[in-house]
file protein23.txt (compact mmCIF, C-alpha atoms and all ligand atoms)
# COMPACT_ATOMS: atom_id res chain seq x y z
CA MET A 1 -228.84 43.81 58.80
CA LYS A 2 -229.39 43.37 55.06
CA LYS A 3 -227.04 45.53 53.02
CA LEU A 4 -228.11 46.78 49.61
CA GLY A 5 -225.60 45.97 46.86
CA VAL A 6 -224.92 49.23 45.02
CA ALA A 7 -222.87 50.39 42.04
CA VAL A 8 -221.91 53.72 40.50
CA VAL A 9 -221.78 54.33 36.74
CA GLY A 10 -219.57 57.31 35.91
CA THR A 11 -216.98 58.18 38.53
CA GLY A 12 -215.86 61.66 37.57
CA PHE A 13 -216.16 64.67 39.88
CA TRP A 14 -219.58 63.72 41.25
CA GLY A 15 -219.70 59.93 40.87
CA LYS A 16 -216.58 59.64 43.04
CA ASN A 17 -218.60 61.25 45.84
CA HIS A 18 -221.45 58.77 45.36
CA ALA A 19 -218.92 55.94 45.70
CA ARG A 20 -217.36 57.44 48.83
CA VAL A 21 -220.73 58.03 50.50
CA TYR A 22 -222.12 54.56 49.66
CA ASN A 23 -218.99 53.13 51.21
CA GLU A 24 -219.76 55.07 54.41
CA LEU A 25 -223.36 53.79 54.71
CA ASP A 26 -223.99 50.84 57.06
CA SER A 27 -226.95 49.68 55.00
CA ALA A 28 -225.15 49.59 51.63
CA LYS A 29 -222.32 47.59 50.12
CA LEU A 30 -220.52 49.22 47.22
CA VAL A 31 -219.91 46.25 44.93
CA ALA A 32 -219.09 47.75 41.55
CA ILE A 33 -217.80 50.84 39.78
CA CYS A 34 -218.10 51.51 36.08
CA ASP A 35 -216.44 54.22 34.03
CA VAL A 36 -215.55 54.27 30.34
CA ASP A 37 -212.19 55.59 31.50
CA ALA A 38 -210.56 52.31 32.66
CA GLU A 39 -207.95 54.01 34.82
CA ARG A 40 -210.58 56.06 36.63
CA ALA A 41 -212.82 53.02 37.19
CA LYS A 42 -209.92 51.01 38.62
CA LYS A 43 -208.71 53.81 40.87
CA VAL A 44 -212.10 54.34 42.50
CA ALA A 45 -212.90 50.62 42.66
CA ASP A 46 -209.55 49.85 44.32
CA GLN A 47 -210.09 52.62 46.86
CA PHE A 48 -213.34 51.00 48.04
CA CYS A 49 -212.59 47.30 47.37
CA ALA A 50 -215.22 47.14 44.64
CA LYS A 51 -215.04 45.52 41.18
CA ALA A 52 -214.14 47.80 38.27
CA TYR A 53 -215.90 47.72 34.91
CA THR A 54 -215.64 49.78 31.74
CA SER A 55 -218.87 48.36 30.30
CA SER A 56 -222.10 48.95 32.20
CA SER A 57 -223.79 46.11 30.26
CA ARG A 58 -221.28 43.69 31.76
CA MET A 59 -221.57 45.26 35.21
CA LEU A 60 -225.37 44.97 35.19
CA LYS A 61 -225.04 41.18 34.81
CA ASN A 62 -223.45 41.13 38.26
CA GLU A 63 -226.25 39.85 40.50
CA ALA A 64 -224.76 41.45 43.60
CA VAL A 65 -225.64 44.83 42.07
CA GLU A 66 -229.18 45.67 43.18
CA ALA A 67 -229.19 49.45 42.85
CA VAL A 68 -227.21 51.88 40.72
CA SER A 69 -226.31 55.58 40.79
CA ILE A 70 -225.98 56.98 37.29
CA CYS A 71 -223.44 59.84 37.25
CA THR A 72 -222.24 59.97 33.64
CA TRP A 73 -222.15 63.07 31.47
CA SER A 74 -225.63 64.58 31.36
CA THR A 75 -226.35 63.51 27.77
CA GLY A 76 -225.59 59.88 28.66
CA LEU A 77 -227.70 59.67 31.84
CA ALA A 78 -230.93 58.43 30.24
CA ARG A 79 -229.22 55.73 28.16
CA GLU A 80 -227.40 54.33 31.18
CA ALA A 81 -230.44 54.63 33.46
CA LEU A 82 -232.57 52.79 30.90
CA LYS A 83 -230.08 49.91 30.71
CA ALA A 84 -230.02 49.60 34.50
CA LEU A 85 -233.82 49.72 34.83
CA ARG A 86 -234.20 47.10 32.07
CA ALA A 87 -231.76 44.91 34.01
CA GLY A 88 -234.13 45.16 37.00
CA LYS A 89 -231.91 47.44 39.10
CA HIS A 90 -233.18 50.30 41.27
CA VAL A 91 -231.88 53.60 39.91
CA LEU A 92 -230.85 56.98 41.22
CA VAL A 93 -230.16 59.02 38.10
CA GLU A 94 -228.38 62.33 38.46
CA LYS A 95 -230.06 65.52 37.29
CA PRO A 96 -231.06 66.50 34.63
CA MET A 97 -232.21 62.84 34.36
CA ALA A 98 -232.36 62.87 30.54
CA THR A 99 -231.65 65.06 27.54
CA ASN A 100 -235.36 65.50 26.82
CA THR A 101 -238.77 64.67 28.27
CA LYS A 102 -239.32 61.86 25.76
CA GLN A 103 -236.37 59.97 27.25
CA ALA A 104 -237.48 60.83 30.79
CA LYS A 105 -240.96 59.38 30.13
CA GLN A 106 -239.35 56.18 28.86
CA LEU A 107 -237.43 55.88 32.12
CA LEU A 108 -240.62 56.26 34.16
CA ALA A 109 -242.44 53.64 32.08
CA THR A 110 -239.52 51.20 32.30
CA ALA A 111 -239.22 51.58 36.08
CA GLU A 112 -242.96 50.94 36.39
CA GLU A 113 -242.84 47.86 34.12
CA ASN A 114 -239.94 46.38 36.06
CA GLY A 115 -241.29 47.26 39.50
CA VAL A 116 -238.11 49.09 40.53
CA HIS A 117 -237.40 52.43 42.20
CA LEU A 118 -236.46 55.46 40.11
CA THR A 119 -235.32 58.65 41.79
CA VAL A 120 -233.50 61.77 40.58
CA GLY A 121 -230.52 63.57 42.15
CA PHE A 122 -232.27 66.72 43.34
CA LEU A 123 -229.85 67.19 46.20
CA MET A 124 -231.33 70.44 47.59
CA ARG A 125 -234.37 68.52 48.87
CA PHE A 126 -232.13 66.93 51.49
CA ILE A 127 -230.93 70.17 53.06
CA PRO A 128 -232.78 70.45 56.40
CA GLY A 129 -233.33 74.23 56.03
CA LEU A 130 -235.26 73.69 52.80
CA ARG A 131 -237.56 71.22 54.55
CA HIS A 132 -238.07 73.83 57.27
CA ILE A 133 -239.06 76.37 54.60
CA ARG A 134 -241.46 73.95 52.94
CA GLU A 135 -243.21 73.23 56.26
CA ALA A 136 -243.31 76.92 57.24
CA VAL A 137 -244.99 77.73 53.92
CA GLU A 138 -247.48 74.91 54.32
CA ASN A 139 -248.34 75.90 57.92
CA LYS A 140 -248.51 79.59 56.98
CA LYS A 141 -245.80 80.47 59.52
CA ILE A 142 -244.79 83.35 57.22
CA GLY A 143 -248.38 84.31 56.40
CA GLU A 144 -249.45 83.90 52.78
CA LEU A 145 -246.69 82.89 50.37
CA VAL A 146 -246.03 85.75 47.94
CA CYS A 147 -242.92 84.86 45.95
CA ALA A 148 -239.58 83.07 46.02
CA THR A 149 -236.28 83.96 44.42
CA ALA A 150 -233.29 81.68 43.88
CA LYS A 151 -229.75 82.60 42.97
CA ARG A 152 -227.32 79.93 41.80
CA VAL A 153 -224.29 81.54 40.19
CA SER A 154 -220.61 80.69 39.81
CA GLN A 155 -217.92 80.33 37.18
CA TRP A 156 -218.40 77.73 34.43
CA PRO A 157 -217.35 74.29 35.70
CA GLU A 158 -215.42 73.42 32.55
CA ARG A 159 -216.04 69.68 32.81
CA ILE A 160 -219.72 70.36 31.96
CA GLY A 161 -219.72 70.52 28.17
CA ASP A 162 -222.89 68.85 27.02
CA VAL A 163 -225.74 70.92 28.51
CA GLY A 164 -226.28 74.57 29.36
CA VAL A 165 -226.87 76.28 32.67
CA VAL A 166 -230.65 75.72 32.56
CA LYS A 167 -230.56 71.91 32.48
CA ASP A 168 -227.39 71.67 34.56
CA THR A 169 -227.93 74.26 37.27
CA ALA A 170 -231.29 76.08 37.22
CA ILE A 171 -233.05 72.71 37.16
CA HIS A 172 -232.25 72.37 40.90
CA ASP A 173 -234.19 75.58 41.57
CA ILE A 174 -237.03 74.61 39.26
CA ASP A 175 -237.48 71.50 41.40
CA VAL A 176 -237.12 73.56 44.61
CA MET A 177 -239.86 75.96 43.48
CA ARG A 178 -242.26 73.08 42.72
CA TYR A 179 -241.45 71.73 46.18
CA VAL A 180 -241.81 75.01 48.11
CA PHE A 181 -245.02 76.07 46.33
CA ASN A 182 -246.30 72.48 46.50
CA GLN A 183 -247.77 72.86 43.04
CA ASP A 184 -246.72 73.09 39.42
CA PRO A 185 -246.23 76.47 37.74
CA ILE A 186 -248.79 77.39 35.10
CA SER A 187 -246.39 79.35 32.90
CA VAL A 188 -242.71 80.10 32.40
CA TYR A 189 -240.95 83.11 30.91
CA ALA A 190 -237.19 83.11 30.52
CA LYS A 191 -234.26 85.02 29.09
CA ALA A 192 -231.14 83.00 28.46
CA GLY A 193 -228.00 83.53 26.45
CA ASN A 194 -224.34 82.84 26.15
CA MET A 195 -221.52 85.27 26.85
CA LYS A 196 -218.51 83.00 27.26
CA HIS A 197 -219.76 79.48 26.51
CA ARG A 198 -219.73 78.71 22.79
CA ASN A 199 -222.35 75.96 22.51
CA PHE A 200 -224.83 76.49 25.32
CA GLU A 201 -226.47 79.22 27.37
CA ASP A 202 -224.35 80.33 30.32
CA TYR A 203 -226.92 82.60 31.95
CA ALA A 204 -230.66 82.31 32.43
CA HIS A 205 -233.32 84.29 34.24
CA ILE A 206 -236.47 82.29 34.65
CA MET A 207 -239.82 83.42 35.97
CA LEU A 208 -242.39 80.84 36.98
CA THR A 209 -245.99 81.86 37.55
CA PHE A 210 -248.29 79.88 39.80
CA LYS A 211 -252.03 80.11 40.11
CA ASP A 212 -253.34 82.99 42.26
CA GLY A 213 -250.55 85.21 40.90
CA LYS A 214 -247.75 83.78 43.02
CA SER A 215 -244.40 83.77 41.30
CA ALA A 216 -240.85 82.51 41.51
CA PHE A 217 -237.70 83.97 39.98
CA ILE A 218 -234.54 81.98 39.27
CA GLU A 219 -231.21 83.60 38.45
CA SER A 220 -228.51 81.22 37.29
CA ASN A 221 -225.23 81.71 35.49
CA TRP A 222 -221.72 80.46 34.91
CA LEU A 223 -220.30 83.98 34.73
CA THR A 224 -220.00 85.11 38.35
CA PRO A 225 -216.49 84.88 39.84
CA TYR A 226 -217.79 83.64 43.20
CA LYS A 227 -220.25 80.91 44.08
CA THR A 228 -223.69 81.76 45.51
CA ARG A 229 -226.49 79.26 46.12
CA ALA A 230 -229.38 80.92 47.93
CA LEU A 231 -233.13 80.98 48.27
CA THR A 232 -235.39 83.76 49.60
CA VAL A 233 -239.04 83.06 50.26
CA THR A 234 -241.31 86.02 50.93
CA GLY A 235 -244.55 85.66 52.85
CA SER A 236 -247.05 88.33 53.89
CA ASP A 237 -245.70 88.24 57.49
CA ALA A 238 -242.04 87.18 57.22
CA ILE A 239 -239.13 86.40 54.94
CA MET A 240 -237.02 83.24 54.98
CA ARG A 241 -233.51 83.08 53.57
CA LEU A 242 -231.47 79.94 53.08
CA ASP A 243 -227.81 79.70 52.15
CA TYR A 244 -227.46 76.24 50.61
CA ILE A 245 -223.69 76.25 51.04
CA THR A 246 -223.50 77.00 54.77
CA GLN A 247 -227.03 75.60 55.31
CA GLU A 248 -227.83 78.70 57.43
CA LEU A 249 -231.47 79.72 57.61
CA TRP A 250 -232.80 83.12 58.67
CA ILE A 251 -236.42 84.03 59.34
CA GLU A 252 -237.10 87.75 59.48
CA ALA A 253 -240.42 89.15 60.67
CA ALA A 254 -241.54 92.65 61.67
CA LYS A 255 -240.96 92.04 65.38
CA GLU A 256 -238.22 89.44 65.56
CA ASN A 257 -235.54 87.66 63.60
CA VAL A 258 -234.82 84.01 64.30
CA GLN A 259 -232.18 81.64 63.04
CA PRO A 260 -233.30 78.01 63.38
CA LYS A 261 -230.18 75.90 63.82
CA TYR A 262 -229.60 72.65 62.02
CA PRO A 263 -226.21 71.01 62.31
CA TRP A 264 -224.53 70.93 58.89
CA GLN A 265 -225.03 67.57 57.22
CA GLU A 266 -223.70 66.32 53.91
CA PRO A 267 -226.73 66.45 51.59
CA LEU A 268 -225.40 63.62 49.41
CA LYS A 269 -225.17 61.35 52.43
CA LEU A 270 -228.77 62.13 53.36
CA GLU A 271 -229.85 61.60 49.74
CA LEU A 272 -228.13 58.24 49.27
CA GLN A 273 -229.19 56.99 52.72
CA HIS A 274 -232.78 57.85 51.79
CA PHE A 275 -232.47 56.03 48.43
CA VAL A 276 -231.07 52.91 50.09
CA ASP A 277 -233.73 53.01 52.84
CA CYS A 278 -236.54 53.39 50.31
CA VAL A 279 -235.33 50.39 48.32
CA LEU A 280 -234.82 48.20 51.39
CA LYS A 281 -238.16 49.20 52.97
CA LYS A 282 -240.01 49.35 49.64
CA GLU A 283 -241.06 52.96 50.30
CA LYS A 284 -241.69 55.77 47.83
CA PRO A 285 -238.73 58.16 47.58
CA VAL A 286 -239.06 61.87 48.40
CA VAL A 287 -238.01 62.68 44.82
CA THR A 288 -239.84 60.60 42.24
CA GLY A 289 -239.20 60.02 38.55
CA THR A 290 -242.24 62.24 37.92
CA ASP A 291 -240.49 65.11 39.77
CA GLY A 292 -237.54 64.67 37.41
CA LEU A 293 -239.77 64.62 34.34
CA LYS A 294 -241.70 67.72 35.45
CA ALA A 295 -238.56 69.74 36.21
CA LEU A 296 -237.09 68.79 32.84
CA ARG A 297 -240.31 69.79 31.07
CA ILE A 298 -240.17 73.23 32.73
CA ALA A 299 -236.47 73.58 31.85
CA GLU A 300 -237.26 72.81 28.20
CA ALA A 301 -240.14 75.31 28.24
CA ALA A 302 -237.82 77.96 29.73
CA LEU A 303 -235.36 77.49 26.87
CA ARG A 304 -238.22 77.65 24.36
CA SER A 305 -239.57 80.79 26.02
CA SER A 306 -236.22 82.51 25.65
CA VAL A 307 -236.00 81.68 21.95
CA LYS A 308 -239.60 82.72 21.25
CA ASN A 309 -239.41 85.75 23.55
CA ARG A 310 -242.77 85.01 25.13
CA ALA A 311 -244.23 83.19 28.11
CA ILE A 312 -244.96 79.50 27.60
CA GLU A 313 -248.09 78.06 29.16
CA LEU A 314 -247.48 74.79 30.97
CA GLU A 315 -250.22 72.20 30.95
N1 LIG A 401 -226.97 66.66 42.06
C1 LIG A 401 -225.92 67.43 42.06
O1 LIG A 401 -225.82 68.33 42.90
C2 LIG A 401 -224.81 67.21 41.06
C3 LIG A 401 -223.55 67.77 41.27
C4 LIG A 401 -222.57 67.57 40.31
C5 LIG A 401 -222.85 66.82 39.18
N2 LIG A 401 -224.09 66.28 39.01
C6 LIG A 401 -224.42 65.48 37.82
O2 LIG A 401 -223.58 64.33 37.79
C7 LIG A 401 -223.27 63.97 36.44
C8 LIG A 401 -221.74 63.86 36.30
O3 LIG A 401 -221.15 65.11 36.51
P1 LIG A 401 -219.59 65.25 36.81
O4 LIG A 401 -219.37 66.64 37.18
O5 LIG A 401 -219.14 64.16 37.70
O6 LIG A 401 -218.97 64.99 35.35
P2 LIG A 401 -217.54 64.38 35.01
O7 LIG A 401 -217.29 64.72 33.58
O8 LIG A 401 -216.55 64.80 36.04
O9 LIG A 401 -217.73 62.81 35.15
C9 LIG A 401 -218.47 62.03 34.27
C10 LIG A 401 -217.83 60.64 34.27
O10 LIG A 401 -218.70 59.75 33.56
C11 LIG A 401 -217.90 58.89 32.77
N3 LIG A 401 -218.76 58.35 31.71
C12 LIG A 401 -219.32 59.02 30.67
N4 LIG A 401 -220.14 58.19 29.97
C13 LIG A 401 -220.10 56.98 30.59
C14 LIG A 401 -220.72 55.73 30.35
N5 LIG A 401 -221.61 55.56 29.35
N6 LIG A 401 -220.46 54.70 31.18
C15 LIG A 401 -219.59 54.86 32.21
N7 LIG A 401 -218.95 56.02 32.48
C16 LIG A 401 -219.21 57.08 31.69
C17 LIG A 401 -216.75 59.76 32.30
O11 LIG A 401 -215.62 59.00 31.89
C18 LIG A 401 -216.48 60.58 33.57
O12 LIG A 401 -215.55 59.92 34.42
C19 LIG A 401 -223.87 65.07 35.55
O13 LIG A 401 -225.08 64.61 35.02
C20 LIG A 401 -224.15 66.22 36.51
O14 LIG A 401 -225.29 66.99 36.15
C21 LIG A 401 -225.06 66.45 39.94
call {"tool": "encode", "arguments": {"input": "protein23.txt", "output": "structure tokens"}}
result
Amino acid sequence: MKKLGVAVVGTGFWGKNHARVYNELDSAKLVAICDVDAERAKKVADQFCAKAYTSSSRMLKNEAVEAVSICTWSTGLAREALKALRAGKHVLVEKPMATNTKQAKQLLATAEENGVHLTVGFLMRFIPGLRHIREAVENKKIGELVCATAKRVSQWPERIGDVGVVKDTAIHDIDVMRYVFNQDPISVYAKAGNMKHRNFEDYAHIMLTFKDGKSAFIESNWLTPYKTRALTVTGSDAIMRLDYITQELWIEAAKENVQPKYPWQEPLKLELQHFVDCVLKKEKPVVTGTDGLKALRIAEAALRSSVKNRAIELE
């Protein structure tokens, strides 16, 4: 079986997991690791018998590297993804994909020009319960979709110092809402602010409005002492609740409550397996570069809405 040669750029908290998971996949060969921190690069590379680099430009010259995960600090993602795409590598760039939509558009154009895959690390899409919800909404198993609410709260992960909670955290739920509603919101209204974080917002409440009056509400913060990651989807006949952490799903209707069972699976493993499969089989990934661009555009509009204290229409 052909194995895809993969590399990871940025092996901090999250990139280390990408390296571990690639190493576990039968269809991938982890060939290189790059981190500006030489000690970190060497440690992770040695663990998985890969080659360590501190310069991604040098690593990208390695022909055994066919696809790259970009897991650097958020403000460096677009620069590193662009380099990899220009070098003709397939790219999985972590969320939020770029610092702004201008950079994100450049990534899409470069992937297109070079005929390579570009996907974004929207991990929630790979949790089986969320797929169940998406299908139940589409097949009207809960009646007409009315609204959805997401809660993603915890303490501030101190290693995140270059973006606020909207682009770091709420962006997952922005993507989830586009996925569940299977359409783009027409407007966004948000309230964000900072209570503990000096430079960026550490709480945000975002309301997305869809056509026909359907709406979604996202609560995210880095202020809550415990970690909650949950989604509730309300339909005219039933309610679905998903706990992203335990992956438990509940469906509550007037006459019965059911709990569809999915064995817990590591979302990152499902995500990276899908990326590798798409590259090897030349198939379109579940999460496209356009999904990344659209989520980022909504995140930017949410921040603008909060500053202007009014709803922002989305084109
Ligand atoms: N999809 C998810 O669920 C998820 C979860 C966690 C983190 N992330 C994303 O992953 C990215 C990394 O987050 P983290 O928590 O691992 O941060 P981190 O600070 O722990 O790690 C970042 C690493 O990147 C390295 N680095 C920075 N610039 C580099 C460059 N130009 N070239 C090579 N290495 C470079 C740093 O030395 C560090 O080791 C962020 O964009 C974050 O949003 C996504």
call {"tool": "closest_residue", "arguments": {"input": "protein23.txt", "among": "A:Gln247, A:Thr290, A:Gln103, A:Ser69", "to": "ligand LIG 401 (chain A)", "atoms": "all atoms listed in the file"}}
result
A:Ser69
call {"tool": "residues_near_point", "arguments": {"input": "protein23.txt", "point": "(-228.3, 44.3, 37.8)", "cutoff": "9 Å", "atoms": "only C-alpha atoms", "output": "list in words"}}
result
Ser57, Met59, Leu60, Lys61, Asn62, Glu63, Ala64, Val65, Glu66, Ala67, Val68, Ala84, Leu85, Arg86, Ala87, Gly88, Lys89 and His90 of chain A
call {"tool": "closest_residue", "arguments": {"input": "protein23.txt", "among": "A:Trp73, A:Tyr244, A:Phe217, A:Tyr22", "to": "ligand LIG 401 (chain A)", "atoms": "all atoms listed in the file"}}
result
A:Trp73
call {"tool": "residues_near_ligand", "arguments": {"input": "protein23.txt", "ligand": "ligand LIG 401 (chain A)", "cutoff": "9 Å", "atoms": "all atoms listed in the file", "output": "MDAnalysis selection string"}}
result
chainID A and resid 8:17 33:38 40:41 53:56 70:77 79:80 93:98 120:124 157:161 163 167:169 172 267:268
call {"tool": "residues_around", "arguments": {"input": "protein23.txt", "residues": "A:Val286", "least_positions_apart": "2", "cutoff": "10 Å", "atoms": "all atoms listed in the file", "output": "list in words"}}
result
Thr119, Val120, Phe122, Arg125, Phe126, Glu271, His274, Phe275, Cys278, Glu283, Lys284, Thr288 and Asp291 of chain A
call {"tool": "closest_residue", "arguments": {"input": "protein23.txt", "among": "A:Val279, A:Glu135, A:Lys269, A:Ala81", "to": "A:Ala19", "atoms": "only C-alpha atoms"}}
result
A:Lys269
call {"tool": "closest_residue", "arguments": {"input": "protein23.txt", "among": "A:Leu145, A:Ala45, A:Ala150, A:Ala253", "to": "A:Lys211", "atoms": "all atoms listed in the file"}}
result
A:Leu145
call {"tool": "atom_distance", "arguments": {"input": "protein23.txt", "atom1": "atom CA of A:Asn221", "atom2": "atom CA of A:Ile239"}}
result
24.4 Å
call {"tool": "closest_residue", "arguments": {"input": "protein23.txt", "among": "A:Ala301, A:Ala190, A:Leu223, A:Ala111", "to": "A:Met207", "atoms": "only C-alpha atoms"}}
result
A:Ala190
call {"tool": "residues_around", "arguments": {"input": "protein23.txt", "residues": "A:Arg229", "least_positions_apart": "3", "cutoff": "9 Å", "atoms": "only C-alpha atoms", "output": "PyMOL selection string"}}
result
chain A and resi 150-154+242-245
call {"tool": "closest_residue", "arguments": {"input": "protein23.txt", "among": "A:Tyr262, A:Tyr179, A:Tyr189, A:Trp222", "to": "A:Ile206", "atoms": "only C-alpha atoms"}}
result
A:Tyr189
call {"tool": "atom_distance", "arguments": {"input": "protein23.txt", "atom1": "atom CA of A:His205", "atom2": "atom CA of A:Leu130"}}
result
21.5 Å
call {"tool": "atom_distance", "arguments": {"input": "protein23.txt", "atom1": "atom CA of A:Ala78", "atom2": "atom CA of A:Ile171"}}
result
16.0 Å
call {"tool": "residues_near_point", "arguments": {"input": "protein23.txt", "point": "(-236.8, 82.9, 46.5)", "cutoff": "10 Å", "atoms": "all atoms listed in the file", "output": "list in words"}}
result
Val146, Cys147, Ala148, Thr149, Ala150, Lys151, Asp173, Val176, Met177, Val180, Ser215, Ala216, Phe217, Ile218, Glu219, Ala230, Leu231, Thr232, Val233, Thr234, Ile239, Met240, Arg241 and Leu242 of chain A
